[in-house]
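File shown: run.txt (compact mmCIF, C-alpha atoms).
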# COMPACT_ATOMS: atom_id res chain seq x y z
CA MET Z 28 114.95 -26.07 10.71
CA THR Z 29 118.73 -25.60 10.50
CA ASN Z 30 120.40 -23.47 13.15
CA ILE Z 31 122.24 -21.12 10.83
CA LYS Z 32 124.91 -20.38 13.44
CA ASP Z 33 125.77 -24.06 13.71
CA LYS Z 34 126.19 -24.30 9.96
CA TYR Z 35 128.02 -20.97 9.57
CA PRO Z 36 129.69 -19.92 12.84
CA GLY Z 37 129.74 -16.14 13.07
CA PHE Z 38 126.66 -15.71 10.87
CA VAL Z 39 124.90 -12.41 11.66
CA THR Z 40 121.10 -12.34 11.66
CA LEU Z 41 118.98 -9.23 11.23
CA GLU Z 42 118.41 -9.09 14.97
CA ASP Z 43 122.16 -9.41 15.56
CA SER Z 44 122.89 -6.60 13.13
CA PHE Z 45 120.95 -4.09 15.24
CA ALA Z 46 123.46 -4.56 18.06
CA LEU Z 47 126.70 -4.49 16.05
CA ASP Z 48 129.21 -2.04 17.49
CA THR Z 49 131.08 0.52 15.43
CA GLU Z 50 134.32 -1.46 15.40
CA THR Z 51 132.63 -4.59 14.06
CA ILE Z 52 130.63 -2.73 11.42
CA THR Z 53 133.80 -1.01 10.25
CA LYS Z 54 135.62 -4.34 10.08
CA TYR Z 55 132.87 -5.99 8.03
CA GLN Z 56 132.47 -3.01 5.73
CA LEU Z 57 136.18 -2.65 5.01
CA GLY Z 58 136.52 -6.39 4.53
CA HIS Z 59 133.49 -7.13 2.39
CA LEU Z 60 132.07 -3.94 0.82
CA ASN Z 61 133.82 -1.06 -0.97
CA GLN Z 62 136.95 -0.82 1.18
CA TYR Z 63 138.50 2.32 -0.24
CA ARG Z 64 135.28 4.31 -0.51
CA SER Z 65 134.65 3.52 3.15
CA GLN Z 66 138.20 4.51 4.00
CA ILE Z 67 137.81 7.87 2.26
CA GLY Z 68 134.88 8.65 4.56
CA LEU Z 69 136.71 7.45 7.65
CA ASP Z 70 139.87 9.38 6.84
CA GLY Z 71 137.89 12.53 6.10
CA GLY Z 72 135.96 12.39 9.35
CA LEU Z 73 132.71 12.02 7.40
CA THR Z 74 131.71 8.45 8.26
CA PHE Z 75 129.79 7.65 11.43
CA ASN Z 76 127.71 4.83 12.88
CA ILE Z 77 124.23 6.34 12.65
CA LYS Z 78 121.76 4.57 14.93
CA LYS Z 79 118.64 6.66 14.29
CA ALA Z 80 117.39 9.25 11.81
CA GLU Z 81 114.33 11.48 12.10
CA GLY Z 82 113.37 14.72 10.37
CA CYS Z 83 116.62 16.61 9.77
CA TYR Z 84 118.55 14.92 12.60
CA LEU Z 85 120.81 11.89 12.95
CA TRP Z 86 121.91 10.22 16.16
CA ASP Z 87 125.24 8.38 16.18
CA SER Z 88 126.35 5.44 18.30
CA ASP Z 89 127.82 7.82 20.89
CA GLY Z 90 124.43 9.47 21.38
CA ASN Z 91 125.34 12.69 19.55
CA LYS Z 92 122.52 14.54 17.81
CA ARG Z 93 123.76 15.56 14.38
CA LEU Z 94 122.29 17.94 11.78
CA ASP Z 95 121.84 16.38 8.34
CA PHE Z 96 122.55 19.08 5.78
CA ILE Z 97 123.05 16.79 2.80
CA GLY Z 98 120.37 14.07 2.97
CA CYS Z 99 122.30 11.47 0.99
CA VAL Z 100 122.93 14.13 -1.68
CA GLY Z 101 119.31 15.07 -2.15
CA VAL Z 102 117.30 12.01 -1.12
CA TYR Z 103 115.67 13.23 2.10
CA ILE Z 104 113.83 16.41 1.06
CA LEU Z 105 110.80 15.14 3.06
CA GLY Z 106 112.95 14.30 6.07
CA HIS Z 107 114.23 11.03 7.48
CA ASN Z 108 111.51 8.48 8.21
CA ASN Z 109 108.69 10.83 7.33
CA PRO Z 110 105.70 9.39 9.25
CA TYR Z 111 103.33 9.75 6.30
CA ILE Z 112 105.61 7.70 4.02
CA ILE Z 113 106.46 5.07 6.64
CA ASP Z 114 102.84 4.60 7.72
CA GLY Z 115 101.76 4.34 4.09
CA VAL Z 116 104.33 1.63 3.37
CA ARG Z 117 103.10 -0.31 6.40
CA LYS Z 118 99.51 -0.04 5.11
CA TYR Z 119 100.68 -1.31 1.73
CA LEU Z 120 102.52 -4.30 3.22
CA ASP Z 121 99.54 -5.10 5.47
CA GLN Z 122 97.58 -5.84 2.29
CA LYS Z 123 99.93 -8.79 1.67
CA PRO Z 124 100.39 -7.54 -1.88
CA MET Z 125 101.97 -9.18 -4.87
CA THR Z 126 104.57 -6.58 -5.56
CA MET Z 127 106.26 -7.80 -8.75
CA ASP Z 128 105.04 -9.53 -11.88
CA PRO Z 129 105.89 -8.28 -15.37
CA LEU Z 130 102.40 -8.87 -16.77
CA ALA Z 131 100.20 -8.27 -13.71
CA LEU Z 132 98.08 -5.17 -13.23
CA LYS Z 133 99.94 -2.79 -10.94
CA ALA Z 134 97.56 -0.61 -8.92
CA GLN Z 135 100.12 1.56 -7.10
CA SER Z 136 102.46 2.12 -10.06
CA ALA Z 137 99.47 2.83 -12.30
CA ALA Z 138 98.08 5.32 -9.77
CA PHE Z 139 101.45 7.06 -9.49
CA ALA Z 140 101.76 7.27 -13.29
CA HIS Z 141 98.22 8.65 -13.57
CA ASN Z 142 99.00 11.31 -10.96
CA MET Z 143 102.22 12.25 -12.70
CA SER Z 144 100.22 12.86 -15.88
CA LEU Z 145 98.08 15.33 -13.92
CA VAL Z 146 101.13 17.18 -12.59
CA THR Z 147 102.92 17.17 -15.96
CA PRO Z 148 100.03 16.99 -18.44
CA GLU Z 149 102.28 17.31 -21.49
CA LEU Z 150 104.25 14.20 -20.43
CA THR Z 151 101.88 11.32 -19.82
CA ARG Z 152 103.97 8.14 -19.92
CA THR Z 153 105.84 6.90 -16.86
CA VAL Z 154 108.50 4.24 -16.36
CA VAL Z 155 108.98 3.33 -12.69
CA CYS Z 156 112.36 1.72 -12.02
CA GLY Z 157 113.43 -0.09 -8.88
CA GLY Z 158 116.89 1.44 -8.81
CA GLY Z 159 118.68 4.77 -8.80
CA GLY Z 160 119.15 7.69 -11.13
CA ALA Z 161 121.65 5.91 -13.34
CA GLU Z 162 119.02 3.28 -14.15
CA ALA Z 163 116.52 5.99 -15.03
CA ASN Z 164 119.02 7.71 -17.29
CA GLU Z 165 119.92 4.41 -18.96
CA ALA Z 166 116.20 3.86 -19.54
CA VAL Z 167 115.64 7.24 -21.19
CA ILE Z 168 118.77 6.93 -23.34
CA LYS Z 169 117.59 3.55 -24.57
CA MET Z 170 114.08 4.91 -25.14
CA CYS Z 171 115.40 7.73 -27.31
CA LYS Z 172 117.72 5.41 -29.23
CA ILE Z 173 114.94 2.93 -30.01
CA ALA Z 174 112.57 5.75 -30.97
CA ALA Z 175 115.20 7.21 -33.29
CA GLY Z 176 116.01 3.79 -34.73
CA ARG Z 177 112.35 3.38 -35.65
CA THR Z 178 111.46 6.95 -36.71
CA LYS Z 179 114.61 9.08 -37.21
CA LYS Z 180 116.77 7.04 -39.58
CA GLY Z 181 120.36 8.24 -39.83
CA LYS Z 182 120.46 9.89 -36.42
CA LYS Z 183 122.79 8.28 -33.91
CA ARG Z 184 124.53 10.76 -31.58
CA ILE Z 185 123.84 11.86 -28.01
CA VAL Z 186 124.91 15.36 -27.02
CA SER Z 187 125.45 16.11 -23.35
CA THR Z 188 127.34 18.72 -21.37
CA LEU Z 189 130.84 18.94 -19.98
CA ASN Z 190 131.07 18.78 -16.18
CA SER Z 191 127.77 16.87 -16.04
CA PHE Z 192 126.91 13.75 -14.07
CA HIS Z 193 124.25 11.20 -15.01
CA GLY Z 194 125.23 8.13 -12.98
CA LYS Z 195 127.92 5.47 -12.93
CA THR Z 196 126.63 2.69 -15.14
CA ASN Z 197 128.51 2.50 -18.41
CA GLU Z 198 126.24 4.49 -20.74
CA ALA Z 199 125.39 6.96 -17.99
CA VAL Z 200 129.09 7.54 -17.24
CA PHE Z 201 129.78 8.39 -20.86
CA THR Z 202 126.70 10.57 -21.09
CA GLY Z 203 128.19 12.47 -18.19
CA GLY Z 204 130.91 14.86 -19.19
CA LYS Z 205 133.73 14.08 -16.77
CA ASP Z 206 136.90 12.18 -17.62
CA ILE Z 207 137.42 11.16 -13.99
CA TRP Z 208 134.47 8.74 -14.07
CA GLN Z 209 135.33 7.41 -17.54
CA ARG Z 210 138.84 6.22 -16.69
CA TRP Z 211 139.69 2.61 -17.61
CA LEU Z 212 136.39 2.10 -19.46
CA THR Z 213 135.82 1.54 -23.16
CA PRO Z 214 133.59 4.34 -24.45
CA PRO Z 215 130.44 3.54 -26.40
CA PRO Z 216 130.24 5.29 -29.75
CA ASP Z 217 128.46 8.49 -30.67
CA HIS Z 218 128.72 10.61 -27.53
CA SER Z 219 129.57 14.31 -27.90
CA TYR Z 220 129.99 17.05 -25.31
CA VAL Z 221 129.41 20.80 -25.24
CA PRO Z 222 130.05 23.40 -22.53
CA TYR Z 223 127.17 23.71 -20.08
CA GLY Z 224 125.23 26.93 -20.54
CA ASP Z 225 126.41 27.52 -24.13
CA TRP Z 226 123.48 27.04 -26.48
CA HIS Z 227 125.52 28.21 -29.47
CA ALA Z 228 127.75 25.14 -29.07
CA VAL Z 229 124.65 22.96 -28.94
CA GLU Z 230 123.36 24.37 -32.21
CA GLU Z 231 126.67 23.68 -33.93
CA GLU Z 232 126.30 20.01 -33.02
CA PHE Z 233 122.65 19.93 -34.07
CA LYS Z 234 123.54 21.39 -37.49
CA LYS Z 235 125.32 18.11 -38.30
CA ASP Z 236 121.82 16.56 -38.50
CA ASP Z 237 122.72 13.29 -36.75
CA VAL Z 238 121.76 14.01 -33.12
CA ILE Z 239 119.10 11.86 -31.44
CA MET Z 240 118.91 13.54 -28.06
CA PHE Z 241 120.32 16.29 -25.87
CA ILE Z 242 120.48 15.67 -22.14
CA ALA Z 243 121.41 18.04 -19.33
CA GLU Z 244 120.76 18.66 -15.64
CA PRO Z 245 118.57 21.73 -14.92
CA ILE Z 246 121.28 22.55 -12.36
CA GLN Z 247 124.51 20.59 -12.40
CA GLY Z 248 124.77 18.80 -9.06
CA GLU Z 249 127.94 16.74 -8.72
CA GLY Z 250 129.61 19.25 -11.02
CA GLY Z 251 129.40 21.92 -8.31
CA ILE Z 252 125.81 23.26 -8.24
CA VAL Z 253 126.19 25.14 -11.51
CA VAL Z 254 123.12 27.15 -12.53
CA PRO Z 255 122.82 27.92 -16.26
CA PRO Z 256 121.85 31.33 -17.67
CA ASP Z 257 118.09 31.86 -17.58
CA ASP Z 258 117.78 31.75 -21.36
CA TYR Z 259 119.75 28.51 -21.76
CA LEU Z 260 117.16 25.76 -21.37
CA PRO Z 261 114.36 27.66 -23.16
CA LYS Z 262 116.77 28.20 -26.06
CA ILE Z 263 117.68 24.49 -26.04
CA ARG Z 264 113.97 23.70 -26.34
CA GLU Z 265 113.75 25.92 -29.42
CA LEU Z 266 116.79 24.26 -30.97
CA CYS Z 267 115.50 20.74 -30.28
CA ASP Z 268 112.25 21.63 -32.02
CA LYS Z 269 114.09 23.20 -34.95
CA TYR Z 270 116.47 20.28 -35.51
CA ASP Z 271 114.15 17.42 -34.51
CA VAL Z 272 116.14 16.37 -31.41
CA TYR Z 273 114.71 14.91 -28.21
CA MET Z 274 115.25 17.21 -25.21
CA VAL Z 275 115.83 15.26 -21.98
CA LEU Z 276 116.41 16.70 -18.52
CA ASP Z 277 118.06 14.78 -15.72
CA GLU Z 278 115.98 15.77 -12.66
CA VAL Z 279 117.49 13.10 -10.40
CA GLN Z 280 119.15 15.56 -8.04
CA ALA Z 281 117.43 18.89 -8.75
CA GLY Z 282 113.90 17.48 -9.07
CA SER Z 283 111.24 16.41 -6.56
CA CYS Z 284 110.92 19.87 -4.97
CA ARG Z 285 114.64 20.31 -4.17
CA THR Z 286 114.87 23.69 -5.95
CA GLY Z 287 111.47 24.97 -4.81
CA TYR Z 288 109.54 23.62 -7.81
CA ILE Z 289 107.89 20.21 -8.09
CA TRP Z 290 110.29 19.62 -11.00
CA ALA Z 291 113.26 21.92 -11.47
CA HIS Z 292 112.37 22.76 -15.08
CA LYS Z 293 109.10 24.29 -13.83
CA TYR Z 294 111.21 27.33 -12.88
CA TYR Z 295 111.00 28.21 -16.59
CA GLU Z 296 107.46 29.16 -17.52
CA GLY Z 297 106.15 27.01 -20.36
CA LEU Z 298 109.27 24.84 -20.70
CA VAL Z 299 108.40 21.22 -21.51
CA PRO Z 300 111.14 18.65 -22.23
CA ASP Z 301 110.40 15.51 -24.22
CA ALA Z 302 111.34 13.49 -21.15
CA PHE Z 303 112.87 13.87 -17.73
CA THR Z 304 114.30 11.43 -15.25
CA PHE Z 305 113.67 11.37 -11.52
CA ALA Z 306 114.99 9.50 -8.47
CA LYS Z 307 116.43 10.41 -5.05
CA ALA Z 308 113.80 12.51 -3.24
CA ILE Z 309 110.81 10.76 -4.81
CA SER Z 310 111.84 7.76 -2.68
CA ASP Z 311 112.40 9.71 0.56
CA GLY Z 312 115.11 7.14 1.19
CA VAL Z 313 112.63 4.38 2.05
CA LEU Z 314 113.68 2.14 -0.86
CA PRO Z 315 115.17 2.69 -4.32
CA VAL Z 316 112.78 4.45 -6.71
CA SER Z 317 113.58 6.15 -9.98
CA GLY Z 318 111.91 6.64 -13.31
CA VAL Z 319 111.28 8.43 -16.56
CA GLN Z 320 108.44 10.78 -17.44
CA ALA Z 321 108.03 11.09 -21.21
CA LYS Z 322 105.82 12.61 -23.84
CA ASP Z 323 103.40 10.20 -25.40
CA ASP Z 324 104.91 10.50 -28.87
CA LEU Z 325 108.44 9.72 -27.68
CA TYR Z 326 107.35 6.75 -25.59
CA LEU Z 327 105.18 5.30 -28.34
CA ALA Z 328 107.88 5.84 -30.96
CA ALA Z 329 110.03 3.54 -28.84
CA TYR Z 330 107.54 1.04 -27.39
CA GLY Z 331 104.28 1.66 -29.22
CA SER Z 332 103.84 -1.75 -30.86
CA PHE Z 333 103.62 -5.40 -29.89
CA GLU Z 334 106.96 -5.83 -31.65
CA SER Z 335 108.80 -3.29 -29.48
CA ALA Z 336 106.80 -3.35 -26.22
CA MET Z 337 109.09 -5.90 -24.57
CA ASN Z 338 112.32 -4.14 -25.51
CA HIS Z 339 112.58 -2.50 -22.11
CA THR Z 340 111.42 -4.63 -19.23
CA ALA Z 341 113.07 -5.57 -15.96
CA THR Z 342 112.25 -7.56 -12.84
CA TYR Z 343 111.72 -4.46 -10.75
CA GLN Z 344 110.30 -2.17 -13.44
CA ASP Z 345 106.90 -0.68 -12.57
CA ASN Z 346 106.84 -2.80 -9.40
CA ASN Z 347 104.10 -1.89 -6.93
CA MET Z 348 106.44 -1.43 -3.96
CA SER Z 349 108.41 1.34 -5.66
CA GLY Z 350 105.17 2.69 -7.09
CA ALA Z 351 103.63 2.87 -3.62
CA VAL Z 352 106.58 4.83 -2.21
CA ALA Z 353 106.60 7.23 -5.17
CA LEU Z 354 102.82 7.65 -4.87
CA LEU Z 355 103.13 8.48 -1.16
CA SER Z 356 105.98 10.93 -1.71
CA LEU Z 357 104.24 12.73 -4.55
CA THR Z 358 101.03 12.98 -2.51
CA TYR Z 359 102.87 14.45 0.47
CA MET Z 360 104.76 16.93 -1.73
CA LEU Z 361 101.56 18.25 -3.27
CA GLU Z 362 99.29 18.21 -0.21
CA HIS Z 363 101.87 20.04 1.93
CA ASP Z 364 103.02 22.39 -0.85
CA VAL Z 365 106.61 21.30 -0.36
CA PRO Z 366 107.83 23.48 -3.29
CA GLY Z 367 106.36 26.57 -1.62
CA MET Z 368 107.73 25.50 1.74
CA VAL Z 369 111.23 25.19 0.26
CA ARG Z 370 111.04 28.59 -1.43
CA GLU Z 371 109.90 30.26 1.78
CA LYS Z 372 112.35 28.55 4.13
CA ALA Z 373 115.26 28.98 1.75
CA LYS Z 374 115.15 32.77 2.05
CA TYR Z 375 116.64 32.67 5.55
CA ILE Z 376 119.57 30.40 4.76
CA TRP Z 377 120.38 32.24 1.53
CA ASP Z 378 120.42 35.59 3.35
CA GLY Z 379 122.71 34.15 6.02
CA LEU Z 380 125.08 32.69 3.47
CA ALA Z 381 125.20 35.99 1.57
CA ASP Z 382 126.26 37.72 4.79
CA LEU Z 383 129.04 35.17 5.35
CA GLN Z 384 130.23 35.46 1.76
CA ALA Z 385 130.44 39.25 2.12
CA LYS Z 386 132.31 38.89 5.41
CA TYR Z 387 134.76 36.18 4.26
CA PRO Z 388 135.22 36.64 0.50
CA HIS Z 389 138.80 35.36 0.71
CA ILE Z 390 137.41 31.98 1.88
CA LEU Z 391 133.89 31.76 0.43
CA GLU Z 392 133.99 32.85 -3.19
CA GLU Z 393 130.40 32.20 -4.24
CA VAL Z 394 127.06 30.81 -3.07
CA ARG Z 395 125.09 29.23 -5.87
CA GLY Z 396 122.10 27.03 -6.53
CA ARG Z 397 118.36 27.38 -5.94
CA GLY Z 398 116.05 26.56 -3.04
CA PHE Z 399 117.50 23.75 -0.92
CA MET Z 400 120.14 22.84 -3.52
CA ILE Z 401 123.05 24.94 -2.27
CA GLY Z 402 126.64 24.98 -3.48
CA LEU Z 403 129.43 26.77 -1.61
CA LYS Z 404 132.35 27.59 -3.89
CA PHE Z 405 135.49 28.16 -1.81
CA ASN Z 406 138.83 29.70 -2.62
CA LYS Z 407 142.16 27.94 -2.11
CA ASP Z 408 144.65 28.30 0.68
CA GLU Z 409 148.25 29.48 0.28
CA SER Z 410 149.38 26.02 -0.76
CA GLY Z 411 146.77 25.83 -3.53
CA VAL Z 412 144.41 23.44 -1.75
CA GLY Z 413 140.69 24.22 -1.80
CA TYR Z 414 139.07 24.89 1.56
CA ALA Z 415 136.05 22.63 0.99
CA ASN Z 416 137.40 19.35 2.37
CA ALA Z 417 138.83 20.97 5.50
CA ILE Z 418 135.62 22.88 6.16
CA GLY Z 419 133.48 19.78 5.56
CA LYS Z 420 135.57 17.87 8.09
CA GLU Z 421 135.34 20.72 10.62
CA LEU Z 422 131.57 20.78 10.27
CA ALA Z 423 131.23 17.02 10.71
CA VAL Z 424 133.76 16.39 13.49
CA ASN Z 425 133.52 19.54 15.58
CA HIS Z 426 130.01 20.80 14.86
CA LEU Z 427 128.09 17.56 14.15
CA ILE Z 428 126.83 18.76 10.76
CA HIS Z 429 126.77 16.57 7.65
CA THR Z 430 127.51 18.16 4.26
CA MET Z 431 129.16 16.78 1.11
CA THR Z 432 132.31 17.72 -0.72
CA SER Z 433 133.06 16.87 -4.34
CA ILE Z 434 135.52 14.07 -5.04
CA ASN Z 435 136.92 15.83 -8.07
CA ASN Z 436 136.83 19.46 -6.90
CA ASP Z 437 138.28 20.51 -3.56
CA THR Z 438 136.62 23.95 -3.73
CA ILE Z 439 132.99 22.73 -3.65
CA LEU Z 440 130.83 21.94 -0.62
CA ARG Z 441 127.18 20.95 -1.07
CA ALA Z 442 124.47 21.75 1.50
CA TYR Z 443 121.00 20.20 1.06
CA PRO Z 444 118.61 20.94 3.95
CA ASN Z 445 115.17 19.34 4.16
CA ILE Z 446 111.73 20.64 5.03
CA TRP Z 447 112.05 19.78 8.74
CA THR Z 448 115.00 22.14 9.12
CA THR Z 449 114.10 25.03 11.45
CA LYS Z 450 115.43 28.57 11.81
CA GLU Z 451 117.41 27.33 14.81
CA ASP Z 452 118.93 24.59 12.66
CA PHE Z 453 119.90 27.11 10.00
CA ASP Z 454 121.54 29.21 12.72
CA TRP Z 455 123.37 26.10 13.93
CA PHE Z 456 124.73 25.60 10.41
CA LEU Z 457 125.60 29.26 9.79
CA GLY Z 458 127.36 29.64 13.13
CA ALA Z 459 129.29 26.41 12.62
CA LEU Z 460 130.24 27.47 9.12
CA GLU Z 461 131.71 30.74 10.36
CA GLU Z 462 133.62 28.96 13.13
CA SER Z 463 134.93 26.51 10.53
CA PHE Z 464 136.16 29.43 8.40
CA LEU Z 465 138.12 30.75 11.35
CA ALA Z 466 139.48 27.29 12.17
CA VAL Z 467 140.83 26.54 8.69
CA GLU Z 468 142.10 30.08 8.28
CA GLY Z 469 144.13 29.72 11.47
CA LYS Z 470 145.81 26.45 10.43
Could you rewrite the structure in this file as structure tokens?
Amino acid sequence: MTNIKDKYPGFVTLEDSFALDTETITKYQLGHLNQYRSQIGLDGGLTFNIKKAEGCYLWDSDGNKRLDFIGCVGVYILGHNNPYIIDGVRKYLDQKPMTMDPLALKAQSAAFAHNMSLVTPELTRTVVCGGGGAEANEAVIKMCKIAAGRTKKGKKRIVSTLNSFHGKTNEAVFTGGKDIWQRWLTPPPDHSYVPYGDWHAVEEEFKKDDVIMFIAEPIQGEGGIVVPPDDYLPKIRELCDKYDVYMVLDEVQAGSCRTGYIWAHKYYEGLVPDAFTFAKAISDGVLPVSGVQAKDDLYLAAYGSFESAMNHTATYQDNNMSGAVALLSLTYMLEHDVPGMVREKAKYIWDGLADLQAKYPHILEEVRGRGFMIGLKFNKDESGVGYANAIGKELAVNHLIHTMTSINNDTILRAYPNIWTTKEDFDWFLGALEESFLAVEGK
């Protein structure tokens, strides 16, 4: 066997990587990964060398215990390294399974898909991807396009909402409604945008009789935790039925119990989209998992023949490893009534935030969202700069609390607790938030 360090001096093994110090990690990351993204985090005081994660806590290389109030923007609703998920993955690997084969039977993915059909009985077809939300959204866009190409001749357009975010692959970027992510790219044809929350604008597009699908987030996440009027999505469902348009919901960030419902659209009694996408929390951060849940008629319109069945396959699609993680997460969510837990626990933090907003309206303009998907909309200081970035840095550096700002809006701060967060943790956050208000106000 070759000694890898003789062949490549300086080669770092897995065992070596556990002992890398912060300076070396930073050097490697700036030199070989996304340099400027890393630098943004370093400059903003938001990037740390995390050595351990458990529940709602992180421990950095200096031994500090930190409160995770963002969970990788929605991934860790079940907490970091949830024992049930980790133990289940170990049991799976102990079987010495064959995880991937495009034509093999897939016990774990099949079981997950079966269970999803029980939870969402109107949507019975599942695509399990081995990537993130962008891959899931690409998959559902392609599904709708193929279905329309086979059954809805003459329809070609996708309608989505301004200020939306659906991922950063090419089609997903242009399905999202933000110019900032579309810069320097060549747009694909036939994408149209309407204001979020305005169903009248949607109907005007549908009247042109060339729309394949409408896609929107149940709550806009990256766009600033924007909640639509209560009648918006039910009205969209009516319009999609009237004009023969597929209704798709992007549940990547708001789904998987984040808003206090197993899927965010369950907030609306009787609302059933033609498909929805999922990712983030269904993985609990163990490994990438995403997917599409679709009505039988949509799925079969796209892939319901020997001729079309192979039009959407991938190496990691429906793989058993991702299926096992999704199966474990879904089981835990249902057995522990995570949606109910979120709704109950959220009352305390929402009451506390309402008190702060009433006390500091000149700093905190609005608290918005649902459940554990919380958006803080700040005002701007005298120089016209939003308070969010300064407050996020104060929380991270001086109070050891992780939140997330928005790259394209300096008035938005996102806070995403998880189910392990206690009343004492909420008090930690609320007290730190008030101290951060006073700190930025005094500068």
message: Using all atoms listed in the file for the distances, tell me which of Z:Ala161, Z:Val365, Z:Leu260, Z:Val238 is nearest to Lys180 in chain Z.
response: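 Among the listed residues, the smallest separation from Lys180 in chain Z belongs to Z:Val238.
For the residues Z:Ile289, Z:Ile390, Z:Leu440, Z:Met143, ranking by smallest atom-to-atom distance to Gly367 in chain Z using all atoms listed in the file places Z:Ile289 first.
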- prompt: What lies within 12 Å of Thr49 in chain Z using only C-alpha atoms, ignoring chain neighbours under 6 positions off, as number ranges by chain?
  reply: Z: 55-56, 69, 74-78, 87-89
Would you export the selected residues with C-alpha atoms as a PDB file, in the coordinates of the input, please?
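To be explicit, this is the file written out as selection-v8.pdb:
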ATOM      1  CA  TYR Z  55     132.870  -5.990   8.030  1.00  0.00           C
ATOM      2  CA  GLN Z  56     132.470  -3.010   5.730  1.00  0.00           C
ATOM      3  CA  LEU Z  69     136.710   7.450   7.650  1.00  0.00           C
ATOM      4  CA  THR Z  74     131.710   8.450   8.260  1.00  0.00           C
ATOM      5  CA  PHE Z  75     129.790   7.650  11.430  1.00  0.00           C
ATOM      6  CA  ASN Z  76     127.710   4.830  12.880  1.00  0.00           C
ATOM      7  CA  ILE Z  77     124.230   6.340  12.650  1.00  0.00           C
ATOM      8  CA  LYS Z  78     121.760   4.570  14.930  1.00  0.00           C
ATOM      9  CA  ASP Z  87     125.240   8.380  16.180  1.00  0.00           C
ATOM     10  CA  SER Z  88     126.350   5.440  18.300  1.00  0.00           C
ATOM     11  CA  ASP Z  89     127.820   7.820  20.890  1.00  0.00           C
TER      12      ASP Z  89
END
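The closest residue to Gly82 in chain Z, picked from Z:Ser283, Z:Thr340, Z:Asn425, Z:Thr449 and counting all atoms listed in the file, is Z:Thr449.
Among the candidate residues Z:Ile428, Z:Ala46, Z:Leu383, Z:Val167, the one lying nearest to Val154 in chain Z is Z:Val167, with distances computed using all atoms listed in the file.
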Please, can range 348-360 of chain Z be completed to N, CA and C atoms and returned as a short mmCIF file (atom, residue, chain, number, x, y, z; two decimals), in the coordinates of the input?
data_model
loop_
_atom_site.label_atom_id
_atom_site.label_comp_id
_atom_site.auth_asym_id
_atom_site.auth_seq_id
_atom_site.Cartn_x
_atom_site.Cartn_y
_atom_site.Cartn_z
N MET Z 348 105.80 -1.94 -5.17
CA MET Z 348 106.44 -1.43 -3.96
C MET Z 348 107.06 -0.07 -4.22
N SER Z 349 107.84 0.04 -5.30
CA SER Z 349 108.41 1.34 -5.66
C SER Z 349 107.31 2.32 -6.03
N GLY Z 350 106.29 1.82 -6.74
CA GLY Z 350 105.17 2.69 -7.09
C GLY Z 350 104.46 3.24 -5.88
N ALA Z 351 104.30 2.41 -4.84
CA ALA Z 351 103.63 2.87 -3.62
C ALA Z 351 104.43 3.98 -2.94
N VAL Z 352 105.75 3.80 -2.85
CA VAL Z 352 106.58 4.83 -2.21
C VAL Z 352 106.54 6.13 -3.01
N ALA Z 353 106.66 6.03 -4.33
CA ALA Z 353 106.60 7.23 -5.17
C ALA Z 353 105.24 7.91 -5.05
N LEU Z 354 104.18 7.11 -5.01
CA LEU Z 354 102.82 7.65 -4.87
C LEU Z 354 102.68 8.40 -3.55
N LEU Z 355 103.19 7.82 -2.47
CA LEU Z 355 103.13 8.48 -1.16
C LEU Z 355 103.93 9.78 -1.15
N SER Z 356 105.14 9.73 -1.71
CA SER Z 356 105.98 10.93 -1.71
C SER Z 356 105.36 12.05 -2.52
N LEU Z 357 104.86 11.72 -3.71
CA LEU Z 357 104.24 12.73 -4.55
C LEU Z 357 103.02 13.33 -3.86
N THR Z 358 102.21 12.49 -3.23
CA THR Z 358 101.03 12.98 -2.51
C THR Z 358 101.42 13.96 -1.42
N TYR Z 359 102.42 13.58 -0.62
CA TYR Z 359 102.87 14.45 0.47
C TYR Z 359 103.40 15.77 -0.08
N MET Z 360 104.19 15.71 -1.14
CA MET Z 360 104.76 16.93 -1.73
C MET Z 360 103.68 17.91 -2.16
#
